[in-house]
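Enquirer: Provided herewith is a single structure, encoded as C-alpha cells, for subsequent inquiry.
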Amino acid sequence: MFHKILIANRGEIALRILRACRELGIRAVVAHSKVDAHSLPVRLADESICIGPDDARSSYLNIPSIISAAAVTDSDAIHPGYGFLSENPAFADICRACGIVFIGPSPEAIRLMGDKAQAREIARQAGAPIIPGSEGSLKDGDQVLSLAETIGFPVMLKAASGGGGRGMRIVRDRDALAQAFATCQAEAAAAFGSSEVYLEKFLDQARHIEVQVLGDRAGTRIHLGERDCSIQRRHQKLLEESPAAAITPEARAGLQRAALALAQAVNYTSAGTVEFLVDREGGFYFIEMNTRIQVEHPVTEMLTGVDLVREQIRIAAGEPLGYRQEAIHLTGHAIECRVNAEDPDTFAPSPGRVTAWVPPGGPGVRVDSHLLAPYTIPAVYDSLVAKIIVHGRDRGEAIDRMHRALAETIIEGVKTTIPFHLRLLQDPVFRGSGFALPRLEVTL
Ligand code: MV4
C-alpha cells in the first residue's frame, strides 16, 4: 500500500479523498493554490504544499508544479479527483514516467475513452448499442450531409474531444448543416485543441443514465448499479439518484451488461462511469465513458456501502477487489442534491463570505462539503459548496428526507441553490417517477 498520497484537487473532493486516505492509514498531502491555503482540506491534511497562483492553469492544471510537489513531499501516488487533470492522459503518462502512481485507469484507457468518436466505435465493437451516426470522426461537409440525410434530422454534432455536453450542437435541417459543422469544428479546435467532430441522431426526450463500474488489475470487473442524472441545467447536473425510477428491469440489465462489455474492451481498471441515453421505449444507447471518480459517486456509495475512493486507491496500489458481482447489493433509494453558491432562480454565481454553516444531519443523511464559517468562497473556481446525499427505503422516503435535510441546512452570507431544490422536490412531475422531466425554469 502507498505511504503517502498527493491530492491534486480542491474543495469537497479533496476532503473526500483525504478521508479515504485516513481510513486506509495513508498520509495525505493536499496540493493547493494560493487562495486555497486556508481551506478546510488544507487545514485537515497531514501536509500541504502550495502549487501556484489562484488561476487553475497556474496551479491545479500545472503539471510540472504538481509533479514537483509529489517529488518534494515524497508522495508515491497522486489522486487527481474530478475535473482538472483527472482525465488528462499526458498527465497519467508523466506520472508513470516519474515513478508516481496515478490513481485512476491506465493512460491508454483514458486516451481511448477521451476520444468520444473512438469510444463510440469501441462500444459498438463491444456490442453496446450506440445512437445511429458516424463511424468515427467526420471527414468533410459532403460526408456530413449524406450521413445526416441518411439518418434523418434533427442530428447532433459533437466534438470528439468534448464530453459532458461541451462542444455539442443540434442541427434541425439540411440548410443549417454546413455552417454548424464548420462552427463546431472551429469551436472544438479552440476549446479542446482538436477539430474532430462526429455526428449522432438527436435523441429528443431521453434520460441520462450512467452505470458505475470498478475494475482491478487482476481483471475482476463489476458494476454498482446506475444513477439517473437527467436533472440538469446547461449540462450542469443538479440532482442525481439511484436506482433510476423511469427504466424497466430489462433496460437496467441491458445497461449493466453493455457497461461491463465496454469496460472489458478497454481493460478498464479503477472506478469509471459509462453514460447512456435511455428513451421512452426502454431503448438505451452508449454516449460516453468518464474515466474518473464523479461528483455524484456518493449516491452509489449510499446504495452499496462500497467506498469508491478507497477502492480506487487499493486498485491503484495493485490490490485485488476481493469480492465479486454477487457481493454487491443495492438497497433502497439514494438522492444527491448539489448545493452551489448560485442564485436559485438565475443560477448566476454568488461567491463571497459564508458567515454561518450548519449542515443537516439525522438518519440517512450524508454531507460532503468543504464549507466552514467564516469562509470566503473564491470566485475563480466551480461554485459547488456542498453535496447533500440521502438514503431512504424507497424513492418517496428519500425525497421527503432530502426535503427535510435541505430545509434544516443553514448557509448564510451567499445565495445557494437550496431554494431551487426545495421547489424541485415538491414538483409533482419529479415526484411522479414517470419518464417525463420536470420543467426547471418554472418558479413555483
Ligand atoms: C445527446 C442528447 C441527445 N441526442 N446526444 C448529455 C450529457 C452529454 N454527455 C451528452 N448529453 C446529451 N447527448 C444525442 N445524440 C442529449 C443530451 C443531453 C441530455 C440527455 C438526457 C437528459 C438531459 C440532457 C441534458 C443535456 C443534454
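Chain lettering (A, B, ...) mirrors the order of the C-alpha cells, residue numbering begins at 1 for each chain separately, and ligand numbering begins at 1 in order of display.
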Going by DSSP on the backbone, which residues of segment 85-158 of chain A come out as strand (DSSP E)? List them as a list in words.
Expert: Val101, Phe102, Val155, Met156, Leu157 and Lys158 of chain A
Enquirer: Could you list, as an NGL selection string, all residues that come within 8 Å of ligand 1? Count only C-alpha atoms and all ligand atoms.
Expert: :A and (131 or 155-156 or 163-166 or 168 or 199-209 or 229-235 or 275 or 277-278 or 287-288)
Enquirer: So what do you get for atom CA of Lys34 of chain A versus atom CA of Ala190 of chain A, distance-wise?
Expert: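 Separating atom CA of Lys34 of chain A from atom CA of Ala190 of chain A is a distance of 28.2 Å.
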Enquirer: In Å, with one decimal, what is the gap from atom CA of Leu424 of chain A to atom CA of Glu281 of chain A?
Expert: 25.2 Å
Enquirer: Measuring between only C-alpha atoms, which one of A:Gly52, A:Pro41, A:Pro132, A:Pro89 shows the shortest distance to Ile110 of chain A?
Expert: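 For Ile110 of chain A, the nearest of the candidates is A:Pro89.
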Enquirer: For atom CA of Gly432 of chain A and atom CA of Ala244 of chain A, quote the distance in Å rounded to one decimal.
Expert: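 Between atom CA of Gly432 of chain A and atom CA of Ala244 of chain A the gap is 12.6 Å.
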Enquirer: Any idea what's packed within 8 Å of segment 387-398 of chain A, counting only C-alpha atoms, ignoring anything in its chain fewer than 5 positions away? Could you give it as a ChimeraX atom specification?
Expert: /A:298-299,302-303,331-339,364-369,405-406,431
Enquirer: Taking C-alpha atoms for each residue, export the selection above as a tab-separated table (two decimals), in the first residue's frame.
Expert:
```
chain	number	residue	atom	x	y	z
A	298	PRO	CA	-21.78	9.14	-3.11
A	299	VAL	CA	-25.20	8.15	-4.48
A	302	MET	CA	-25.08	5.09	-0.12
A	303	LEU	CA	-26.79	2.30	-2.05
A	331	THR	CA	-30.55	-1.33	-1.07
A	332	GLY	CA	-33.24	1.35	-1.00
A	333	HIS	CA	-33.01	4.67	-2.82
A	334	ALA	CA	-30.40	7.45	-2.72
A	335	ILE	CA	-30.52	11.05	-3.94
A	336	GLU	CA	-27.85	13.72	-4.16
A	337	CYS	CA	-28.55	17.45	-4.39
A	338	ARG	CA	-25.67	19.64	-5.44
A	339	VAL	CA	-25.65	22.83	-3.43
A	364	GLY	CA	-29.90	8.61	6.30
A	365	VAL	CA	-28.15	11.93	5.62
A	366	ARG	CA	-24.59	12.40	4.36
A	367	VAL	CA	-22.90	15.72	3.69
A	368	ASP	CA	-19.78	16.06	1.55
A	369	SER	CA	-18.62	19.65	1.91
A	405	ALA	CA	-32.39	17.83	5.20
A	406	LEU	CA	-32.28	20.85	2.87
A	431	ARG	CA	-42.22	13.15	-7.54
```
Enquirer: When distances are computed from only C-alpha atoms, which of A:Lys139, A:Arg10, A:Arg96, A:Arg57 shows the smallest separation from Val197 of chain A?
Expert: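 Residue with the minimum atom-to-atom distance to Val197 of chain A: A:Lys139.
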Enquirer: Which residues are near Pro129 of chain A? Cut-off 10 Å, only C-alpha atoms, ignore same chain within fewer than 6 positions. Put them as a count of residues only.
Expert: 11
Enquirer: Find the residues around segment 304-310 of chain A up to 7 Å (only C-alpha atoms counted), leave out those fewer than 4 positions away in its own chain, and share them as a list of chain:residue names.
Expert: A:Ile17, A:Ala20, A:Ala271, A:Thr300, A:Arg314, A:Ile328, A:His329, A:Leu330, A:Thr331
Enquirer: How would the residues just chosen look if you wrote them out with N, CA, C and O atoms as a PDB file, in the first residue's frame?
Expert:
```pdb
ATOM      1  N   ILE A  17     -11.187  12.636  -0.569  1.00  0.00           N
ATOM      2  CA  ILE A  17     -10.022  11.779  -0.800  1.00  0.00           C
ATOM      3  C   ILE A  17      -9.188  11.688   0.481  1.00  0.00           C
ATOM      4  O   ILE A  17      -8.709  10.610   0.854  1.00  0.00           O
ATOM      5  N   ALA A  20     -10.617   9.144   2.764  1.00  0.00           N
ATOM      6  CA  ALA A  20     -10.306   7.763   2.348  1.00  0.00           C
ATOM      7  C   ALA A  20      -8.869   7.413   2.737  1.00  0.00           C
ATOM      8  O   ALA A  20      -8.597   6.302   3.205  1.00  0.00           O
ATOM      9  N   ALA A 271     -12.215   3.140 -10.870  1.00  0.00           N
ATOM     10  CA  ALA A 271     -13.638   3.462 -10.952  1.00  0.00           C
ATOM     11  C   ALA A 271     -13.893   4.196 -12.261  1.00  0.00           C
ATOM     12  O   ALA A 271     -13.085   5.022 -12.680  1.00  0.00           O
ATOM     13  N   THR A 300     -24.020   6.182  -5.249  1.00  0.00           N
ATOM     14  CA  THR A 300     -23.733   4.752  -5.352  1.00  0.00           C
ATOM     15  C   THR A 300     -23.189   4.202  -4.039  1.00  0.00           C
ATOM     16  O   THR A 300     -23.526   3.077  -3.640  1.00  0.00           O
ATOM     17  N   ARG A 314      -6.941   1.398  -3.500  1.00  0.00           N
ATOM     18  CA  ARG A 314      -6.497   0.000  -3.366  1.00  0.00           C
ATOM     19  C   ARG A 314      -6.130  -0.594  -4.722  1.00  0.00           C
ATOM     20  O   ARG A 314      -5.110  -1.282  -4.879  1.00  0.00           O
ATOM     21  N   ILE A 328     -22.393  -7.497  -4.359  1.00  0.00           N
ATOM     22  CA  ILE A 328     -22.937  -6.125  -4.426  1.00  0.00           C
ATOM     23  C   ILE A 328     -24.450  -6.172  -4.310  1.00  0.00           C
ATOM     24  O   ILE A 328     -25.135  -6.781  -5.137  1.00  0.00           O
ATOM     25  N   HIS A 329     -24.975  -5.521  -3.281  1.00  0.00           N
ATOM     26  CA  HIS A 329     -26.422  -5.438  -3.094  1.00  0.00           C
ATOM     27  C   HIS A 329     -26.823  -3.979  -3.073  1.00  0.00           C
ATOM     28  O   HIS A 329     -26.220  -3.176  -2.356  1.00  0.00           O
ATOM     29  N   LEU A 330     -27.810  -3.646  -3.882  1.00  0.00           N
ATOM     30  CA  LEU A 330     -28.292  -2.267  -3.948  1.00  0.00           C
ATOM     31  C   LEU A 330     -29.535  -2.180  -3.083  1.00  0.00           C
ATOM     32  O   LEU A 330     -30.531  -2.849  -3.359  1.00  0.00           O
ATOM     33  N   THR A 331     -29.449  -1.391  -2.026  1.00  0.00           N
ATOM     34  CA  THR A 331     -30.546  -1.334  -1.065  1.00  0.00           C
ATOM     35  C   THR A 331     -31.180   0.045  -1.020  1.00  0.00           C
ATOM     36  O   THR A 331     -30.479   1.039  -0.831  1.00  0.00           O
TER      37      THR A 331
END
```
Enquirer: Let me make sure I understand: among A:Lys237, A:Arg324, A:His370, A:Arg43, which one has the smallest atom-to-atom distance to Leu440 of chain A if we use only C-alpha atoms?
Expert: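 Closest candidate: A:Lys237.
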Enquirer: As a PyMOL selection string, please: the residues near Glu311 of chain A (cut-off 10 Å, only C-alpha atoms, same-chain neighbours under 6 positions excluded).
Expert: chain A and resi 20+214-216+270-271+317+319-321
Enquirer: Which residue gives the smallest distance to Ile13 of chain A among A:Glu149, A:Glu241, A:Asp382, A:Glu135, with only C-alpha atoms counted?
Expert: A:Asp382
Enquirer: Hey, what's within 12 Å of Ile63 of chain A if we count only C-alpha atoms and toss same-chain stuff fewer than 5 positions away? As a list in words, please?
Expert: Ala8, Ala31, Ile51, Gly52, Ala56, Arg57, Ser58, Ser68, Ala69, Ala70, Ile78, Pro80, Phe84, Leu85, Ser86, Asn88, Pro89, Ala90, Phe91, Ala92, Asp93, Ile94, Cys95 and Cys98 of chain A
Enquirer: Which residue out of A:Ala71, A:Ala348, A:Leu422, A:Val274 has the minimum interatomic distance to Gln256 of chain A when only C-alpha atoms are used?
Expert: A:Val274
